[in-house]
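One structure below.
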Amino acid sequence: MIGPAFRLGLATVLLFLVLVQPNHPAAMTWGALRVFPLELPVILAALILLGGGVAGRWLRIALVALIALLSILKAADYAMFTSLGRGFNPVADFPLIDAGVRLMLGAVGSALTVLAVLAALTAAVALVAALWWATGVWARVQLSGLRGGAVALVAVVFAAVATAEVGGAMGRWSLPAPIPGAAFTARIGIERTVQARATIAELQSFRQRAATDAFASRPGLLSAIDRDVLIVFVESYGRTSLDTPLYAPTHRATLARMEEKLAGQGLSMRSGFLEAPTRGGQSWLSHASFAGGFWIDNQTSYRAALVSGRRTLFHIAAEHGFHTAAVMPQITMDWPESSVMGFETILASDDLGYRGKPFNWVTMPDQFTFAAMDRLLRDGQSDRPMFIQMALGSSHAPWVPVPDLVEWDAVGDGTIFNAMAEAGDPPKVVWRDRDRVRDQYRQAVDYALNVVFDYIARHAENPPLVFVIGDHQAASFVALDDRPDVPIHVVGPADLVARTAAWGWTPGLLPDSTIVPRRMDGMRDLILEAFSEAQLVENGL
């Protein structure tokens with residue numbers, strides 16, 4: 001039989017571990033066990049004082065629900081900090097659960113995904129059961145009136161200290177590491193409550209600002225452009241490719257080689273950096289910020305932007321004579337949001353005609369995406385220039401396997417890539433070793449860069465105006481760089497690229513490291529200003 005003292009000790013340890021559970025990878029150390037959670041004596045004292053009666057039972061229900069919810073929230077924080085470099089927003093981020101499950105399906109398969117989901121649900125149920133047992137053990141403790149008064153005094157003192165500690169921490173989001181003697185769990189709960197209220201207030205302000213647009217009635221927008229325009233987002237292409245020793249030698253060499261090749265074909269180039277609104281994922285937030293001209297760093301703002309009536313770069317391009325289109329090889333489900341983004345034509349995965357095998361979660365190689373775009377959109381049959389957004393996929397996680405560049409005329413229906421799609425170890429093997437994951441990432445981004453700039457070189461005789469943008473940095477453990485910066489390259493005829501000179505970017509494909517990154521939401525207005533004849537006349541140019 002387990003004695004009462006052992007049960008009390010075990011219940012106390014369980015509550016202790018739940019309360020000091022870290023919410024950030026940097027805090028997942030043995031040092032977390034040196035934290036004394038100030039909430040613990042308050043909880044134990046309340047359980048003892050109210051006992052096992054009706055009031056005590058309701059207290060236990062409330063405590064178990066609240067502690068379990070906060071523990072799950074800290075686990076969500078941990079996952080978000082690991083993948084996206086930020087905490088979990090309880091108002092904005094619930095849709096990411098579905099996106100994460102779909103990513104797992106492509107990366108590790110349905111069996112392991114189902115097991116992971118079942119494990120998470122089982123862990124949540126087990127946590128609630130364990131908390132119910134632990135609070136019940138302490139609720140059954142009986143004390144005399146005098147000792148009960150001492151317990152009440154202890155509870156009041158610790159509650160006051162915890163309240164002061166939480167109040168002193170307000171204004172900071174979740175700490176990357178716990179501190180000795182902290183009301184850490186209570187602080188997380190209060191911070192997220194404040195964050196939720198701030199998000200709701202932000203949405204109201206966002207809708208008001210989205211209703212006004214300085215370019216709404218301006219004539220001559222984009223009239224300086226006499227050719228196709230491509231807005232190409234390279235998945236997970238971040239500043240780490242140019243600065244981090246693990247990646248820079250490979251990617252800088254590719255950019256230098258491509259710069260020489262393009263310059264030899266008479267093309268002009270300028271390169272800089274943008275600050276992306278997201279890291280590790282949620283590419284659509286960068287797409288929306290770039291095209292819409294508003295800083296959109298969470299799903300709630302994204303949805304608000306869609307219904308705000310804001311005219312995106314693509315709305316404006318369509319209004320001024322362009323055929324607008326989105327080429328989205330990773331869209332495999334209904335995409336109802338696209339109806340308000342300004343695209344006249346949308347080519348999702350099934351529309352591109354790929355008959356080859358998928359590269360795990362990645363539906364098709366980037367080279368096929370470009371070839372399909374030429375075949376379906378840039379075939380010379382349109383009487384209007386094209387204004388196209390492309391969101392490439394080959395450099396998306398899990399980065400296994402990485403395709404090879406083939407002769408463009410041999411791309412065909414994509415079956416030429418079948419052997420490549422089955423080459424090498426599967427993700428579940430590669431992802432056991434972080435060094436292998438990083439090397440696969442290096443190869444995947446290099447493949448994407450080679451494809452993009454080889455495509456531009458292939459069309460050098462009648463070049464489109466191309467903006468090549470990284471959508472975001474990879475997850476921190478892969479990028480090894482916590483900055484939100486991504487490279488941007490403008491490539492095309494010299495007269496058009498020269499219009500971007502005022503942006504302060506470096507000639508060529510290798511941006512100077514001292515360039516101050518511009519925010520991604522500023523690009524819509526910069527493009528409209530630079531390529532609109534009416535504005536040039538107003539400025540006397």
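Residue names in the structure tokens use chain letters A, B, ... in the order shown, residue numbers from 1 in each chain, and ligand numbers from 1 in the order shown.
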Exercise for the section: Considering only C-alpha atoms, return as a PyMOL selection string whatever protein or nucleic-acid residues lie within 7 Å of A:Phe343, sequence-local ones (same chain, fewer than 5 positions apart) excluded. Expected result: chain A and resi 314+324-326
Problem - Distance query stretch 357-370 of chain A at most 8 Å, only C-alpha atoms, self and fewer than 4 positions along chain excluded, as a PyMOL selection string - result: chain A and resi 103+105-107+327+329-330+349+352+374+392-394+396-398+400-403+405+408+411+414-415+417-418+421-422+448+451+455
Handout entry: Closest of A:Ala304, A:Ala76, A:Ile515, A:Leu221 to A:Ile200 - atom-to-atom distances counting only C-alpha atoms
Key =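 Looking only at the distances to A:Ile200, the closest residue turns out to be A:Ala304.
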Identify, on the basis of only C-alpha atoms, every residue whose closest approach to A:Lys261 does not exceed 12 Å; exclude the query and any residue fewer than 2 positions from it along the same chain; express the result as a short mmCIF file (atom, residue, chain, number, x, y, z; two decimals) with all heavy atoms, in the first residue's frame.
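Output (selection.cif):
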```
data_model
loop_
_atom_site.label_atom_id
_atom_site.label_comp_id
_atom_site.auth_asym_id
_atom_site.auth_seq_id
_atom_site.Cartn_x
_atom_site.Cartn_y
_atom_site.Cartn_z
N THR A 254 26.35 30.26 -55.86
CA THR A 254 25.31 30.14 -56.88
C THR A 254 24.85 31.51 -57.35
O THR A 254 24.70 31.75 -58.56
CB THR A 254 24.12 29.34 -56.32
OG1 THR A 254 24.55 28.00 -56.06
CG2 THR A 254 22.96 29.31 -57.31
N LEU A 255 24.62 32.42 -56.42
CA LEU A 255 24.18 33.76 -56.79
C LEU A 255 25.24 34.49 -57.62
O LEU A 255 24.93 35.17 -58.60
CB LEU A 255 23.82 34.57 -55.54
CG LEU A 255 22.59 34.10 -54.78
CD1 LEU A 255 22.46 34.85 -53.45
CD2 LEU A 255 21.32 34.30 -55.61
N ALA A 256 26.51 34.34 -57.23
CA ALA A 256 27.60 35.00 -57.98
C ALA A 256 27.69 34.44 -59.40
O ALA A 256 27.87 35.20 -60.37
CB ALA A 256 28.92 34.81 -57.24
N ARG A 257 27.54 33.13 -59.52
CA ARG A 257 27.61 32.51 -60.85
C ARG A 257 26.44 32.97 -61.71
O ARG A 257 26.60 33.30 -62.90
CB ARG A 257 27.62 30.99 -60.69
CG ARG A 257 27.60 30.23 -62.00
CD ARG A 257 27.84 28.75 -61.76
NE ARG A 257 27.01 28.21 -60.72
CZ ARG A 257 25.74 27.81 -60.89
NH1 ARG A 257 25.20 27.92 -62.11
NH2 ARG A 257 25.04 27.33 -59.90
N MET A 258 25.25 33.01 -61.13
CA MET A 258 24.07 33.44 -61.88
C MET A 258 24.13 34.92 -62.22
O MET A 258 23.67 35.34 -63.29
CB MET A 258 22.81 33.11 -61.08
CG MET A 258 22.49 31.62 -61.07
SD MET A 258 22.21 30.99 -62.76
CE MET A 258 21.79 29.28 -62.42
N GLU A 259 24.69 35.71 -61.33
CA GLU A 259 24.85 37.14 -61.61
C GLU A 259 25.71 37.35 -62.85
O GLU A 259 25.38 38.15 -63.74
CB GLU A 259 25.46 37.85 -60.41
CG GLU A 259 25.72 39.34 -60.63
CD GLU A 259 26.40 39.99 -59.44
OE1 GLU A 259 26.05 39.65 -58.29
OE2 GLU A 259 27.28 40.86 -59.65
N ALA A 263 24.22 38.95 -66.27
CA ALA A 263 24.84 40.19 -66.75
C ALA A 263 25.38 40.00 -68.16
O ALA A 263 25.30 40.92 -69.01
CB ALA A 263 25.95 40.62 -65.80
N GLY A 264 25.93 38.82 -68.44
CA GLY A 264 26.44 38.55 -69.77
C GLY A 264 25.36 38.50 -70.83
O GLY A 264 25.64 38.63 -72.03
N GLN A 265 24.12 38.32 -70.39
CA GLN A 265 22.98 38.31 -71.32
C GLN A 265 22.27 39.66 -71.38
O GLN A 265 21.21 39.77 -71.99
CB GLN A 265 21.99 37.22 -70.91
CG GLN A 265 22.56 35.81 -71.05
CD GLN A 265 21.58 34.76 -70.57
OE1 GLN A 265 21.16 34.76 -69.41
NE2 GLN A 265 21.20 33.85 -71.46
N GLY A 266 22.87 40.66 -70.75
CA GLY A 266 22.34 42.02 -70.84
C GLY A 266 21.28 42.37 -69.82
O GLY A 266 20.64 43.43 -69.92
N LEU A 267 21.08 41.54 -68.82
CA LEU A 267 20.08 41.82 -67.79
C LEU A 267 20.68 42.63 -66.66
O LEU A 267 21.88 42.51 -66.34
CB LEU A 267 19.49 40.53 -67.26
CG LEU A 267 18.68 39.70 -68.26
CD1 LEU A 267 18.16 38.43 -67.62
CD2 LEU A 267 17.53 40.51 -68.84
N SER A 268 19.84 43.41 -66.01
CA SER A 268 20.25 44.23 -64.87
C SER A 268 19.67 43.64 -63.60
O SER A 268 18.59 43.01 -63.63
CB SER A 268 19.77 45.67 -65.06
OG SER A 268 20.21 46.49 -64.00
N MET A 269 20.34 43.85 -62.47
CA MET A 269 19.91 43.26 -61.20
C MET A 269 20.18 44.22 -60.04
O MET A 269 21.17 44.95 -60.06
CB MET A 269 20.69 41.96 -60.93
CG MET A 269 20.47 40.85 -61.92
SD MET A 269 21.94 39.77 -62.07
CE MET A 269 22.90 40.71 -63.27
N ASN A 450 18.91 27.95 -58.29
CA ASN A 450 19.36 27.58 -59.63
C ASN A 450 18.20 27.57 -60.63
O ASN A 450 18.33 28.06 -61.75
CB ASN A 450 20.04 26.20 -59.60
CG ASN A 450 21.52 26.29 -59.27
OD1 ASN A 450 22.33 26.71 -60.09
ND2 ASN A 450 21.87 25.89 -58.05
N PHE A 453 16.88 31.41 -61.37
CA PHE A 453 17.74 32.27 -62.19
C PHE A 453 18.06 31.61 -63.55
O PHE A 453 18.30 32.31 -64.53
CB PHE A 453 18.99 32.64 -61.42
CG PHE A 453 18.67 33.53 -60.24
CD1 PHE A 453 18.82 33.08 -58.94
CD2 PHE A 453 18.17 34.81 -60.44
CE1 PHE A 453 18.50 33.89 -57.85
CE2 PHE A 453 17.85 35.63 -59.37
CZ PHE A 453 18.02 35.17 -58.07
N ASP A 454 18.02 30.28 -63.61
CA ASP A 454 18.18 29.64 -64.91
C ASP A 454 16.96 29.92 -65.79
O ASP A 454 17.08 30.10 -67.00
CB ASP A 454 18.36 28.12 -64.72
CG ASP A 454 18.98 27.47 -65.95
OD1 ASP A 454 20.10 27.85 -66.32
OD2 ASP A 454 18.32 26.60 -66.56
N TYR A 455 15.79 29.95 -65.17
CA TYR A 455 14.58 30.30 -65.92
C TYR A 455 14.69 31.73 -66.47
O TYR A 455 14.36 31.98 -67.63
CB TYR A 455 13.35 30.19 -65.02
CG TYR A 455 12.09 30.71 -65.68
CD1 TYR A 455 11.33 29.89 -66.51
CD2 TYR A 455 11.67 32.03 -65.50
CE1 TYR A 455 10.18 30.36 -67.14
CE2 TYR A 455 10.53 32.52 -66.12
CZ TYR A 455 9.80 31.68 -66.94
OH TYR A 455 8.67 32.17 -67.57
N ILE A 456 15.14 32.66 -65.64
CA ILE A 456 15.28 34.05 -66.09
C ILE A 456 16.28 34.13 -67.24
O ILE A 456 16.04 34.82 -68.25
CB ILE A 456 15.71 34.95 -64.92
CG1 ILE A 456 14.61 34.97 -63.84
CG2 ILE A 456 16.00 36.37 -65.41
CD1 ILE A 456 15.02 35.70 -62.57
N ALA A 457 17.39 33.41 -67.11
CA ALA A 457 18.40 33.42 -68.18
C ALA A 457 17.81 32.83 -69.47
O ALA A 457 18.13 33.30 -70.58
CB ALA A 457 19.61 32.61 -67.75
N ARG A 458 16.96 31.85 -69.36
CA ARG A 458 16.34 31.21 -70.52
C ARG A 458 15.47 32.20 -71.30
O ARG A 458 15.29 32.06 -72.51
CB ARG A 458 15.52 30.02 -70.02
CG ARG A 458 14.77 29.23 -71.07
CD ARG A 458 14.08 28.05 -70.40
NE ARG A 458 13.13 27.38 -71.27
CZ ARG A 458 13.43 26.48 -72.19
NH1 ARG A 458 14.71 26.13 -72.36
NH2 ARG A 458 12.50 25.91 -72.93
N ALA A 460 16.08 35.56 -71.45
CA ALA A 460 16.83 36.82 -71.46
C ALA A 460 16.58 37.66 -72.71
O ALA A 460 16.71 38.88 -72.68
CB ALA A 460 18.32 36.55 -71.31
N GLY A 508 23.44 43.84 -58.71
CA GLY A 508 23.80 42.42 -58.73
C GLY A 508 22.89 41.59 -57.85
O GLY A 508 21.84 42.05 -57.37
N LEU A 509 23.27 40.35 -57.60
CA LEU A 509 22.47 39.40 -56.82
C LEU A 509 22.95 39.21 -55.39
O LEU A 509 22.34 38.43 -54.64
CB LEU A 509 22.43 38.04 -57.53
CG LEU A 509 21.74 37.99 -58.89
CD1 LEU A 509 21.78 36.58 -59.46
CD2 LEU A 509 20.30 38.49 -58.80
#
```
Handout entry: Polymer residues at most 10 Å from A:Gly412, only C-alpha atoms, same-chain spacing of 6 or more positions, as number ranges by chain
Key = A: 353-356, 368, 371-372
Serialized selection, C-alpha atoms, as a PDB file, in the first residue's frame:
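Final output, result39.pdb:
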```pdb
ATOM      1  CA  GLY A 353      -0.640  19.121 -65.191  1.00  0.00           C
ATOM      2  CA  TYR A 354       2.030  17.367 -63.143  1.00  0.00           C
ATOM      3  CA  ARG A 355       1.947  13.602 -63.693  1.00  0.00           C
ATOM      4  CA  GLY A 356       5.089  12.727 -61.803  1.00  0.00           C
ATOM      5  CA  PHE A 368       8.076  21.885 -63.529  1.00  0.00           C
ATOM      6  CA  ALA A 371       7.565  25.118 -67.264  1.00  0.00           C
ATOM      7  CA  ALA A 372       3.824  24.772 -66.575  1.00  0.00           C
TER       8      ALA A 372
END
```
Exercise for the section: Between A:Glu260, A:Gly292, A:Pro90, A:Phe233, single out the one closest to A:Met328, counting only C-alpha atoms. Expected result: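 Closest to A:Met328 of all the choices is A:Phe233.
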Exercise for the section: Do a neighbour search on A:Ile188 at 8 Å with only C-alpha atoms, toss out local chain neighbours closer than 2 positions, and write the hits as number ranges by chain. Expected result: A: 70, 74, 174, 184-186, 190-192
Atoms kept (N, CA, C and O atoms) for selection, written as a compact mmCIF listing (two decimals), in the first residue's frame:
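To be explicit, this is the file written out as selection20.txt:
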```
# COMPACT_ATOMS: atom_id res chain seq x y z
N LEU A 70 -3.47 25.84 -19.36
CA LEU A 70 -2.21 26.57 -19.43
C LEU A 70 -1.04 25.66 -19.80
O LEU A 70 -0.11 26.08 -20.49
N LYS A 74 1.30 26.19 -22.99
CA LYS A 74 2.77 26.22 -22.97
C LYS A 74 3.36 25.24 -23.98
O LYS A 74 4.38 25.53 -24.61
N SER A 174 6.38 35.91 -23.06
CA SER A 174 6.91 34.77 -22.31
C SER A 174 8.43 34.74 -22.33
O SER A 174 9.06 34.88 -23.36
N PHE A 184 5.39 31.63 -13.01
CA PHE A 184 5.58 31.51 -14.45
C PHE A 184 4.28 31.15 -15.16
O PHE A 184 3.89 31.77 -16.15
N THR A 185 3.59 30.14 -14.65
CA THR A 185 2.36 29.70 -15.30
C THR A 185 1.28 30.76 -15.22
O THR A 185 0.57 31.02 -16.21
N ALA A 186 1.14 31.41 -14.09
CA ALA A 186 0.15 32.49 -13.97
C ALA A 186 0.48 33.62 -14.92
O ALA A 186 -0.42 34.21 -15.53
N ILE A 190 -1.93 35.27 -17.89
CA ILE A 190 -2.28 36.70 -17.95
C ILE A 190 -1.77 37.32 -19.25
O ILE A 190 -2.47 38.09 -19.90
N GLU A 191 -0.55 36.96 -19.62
CA GLU A 191 0.00 37.51 -20.86
C GLU A 191 -0.87 37.15 -22.06
O GLU A 191 -1.13 37.98 -22.94
N ARG A 192 -1.31 35.89 -22.14
CA ARG A 192 -2.09 35.48 -23.29
C ARG A 192 -3.48 36.13 -23.27
O ARG A 192 -4.06 36.39 -24.32
```
Exercise for the section: Could you give me the residues within stretch 348-421 of chain A that DSSP places in strand (DSSP E), as a ChimeraX atom specification? Expected result: /A:348,386-391
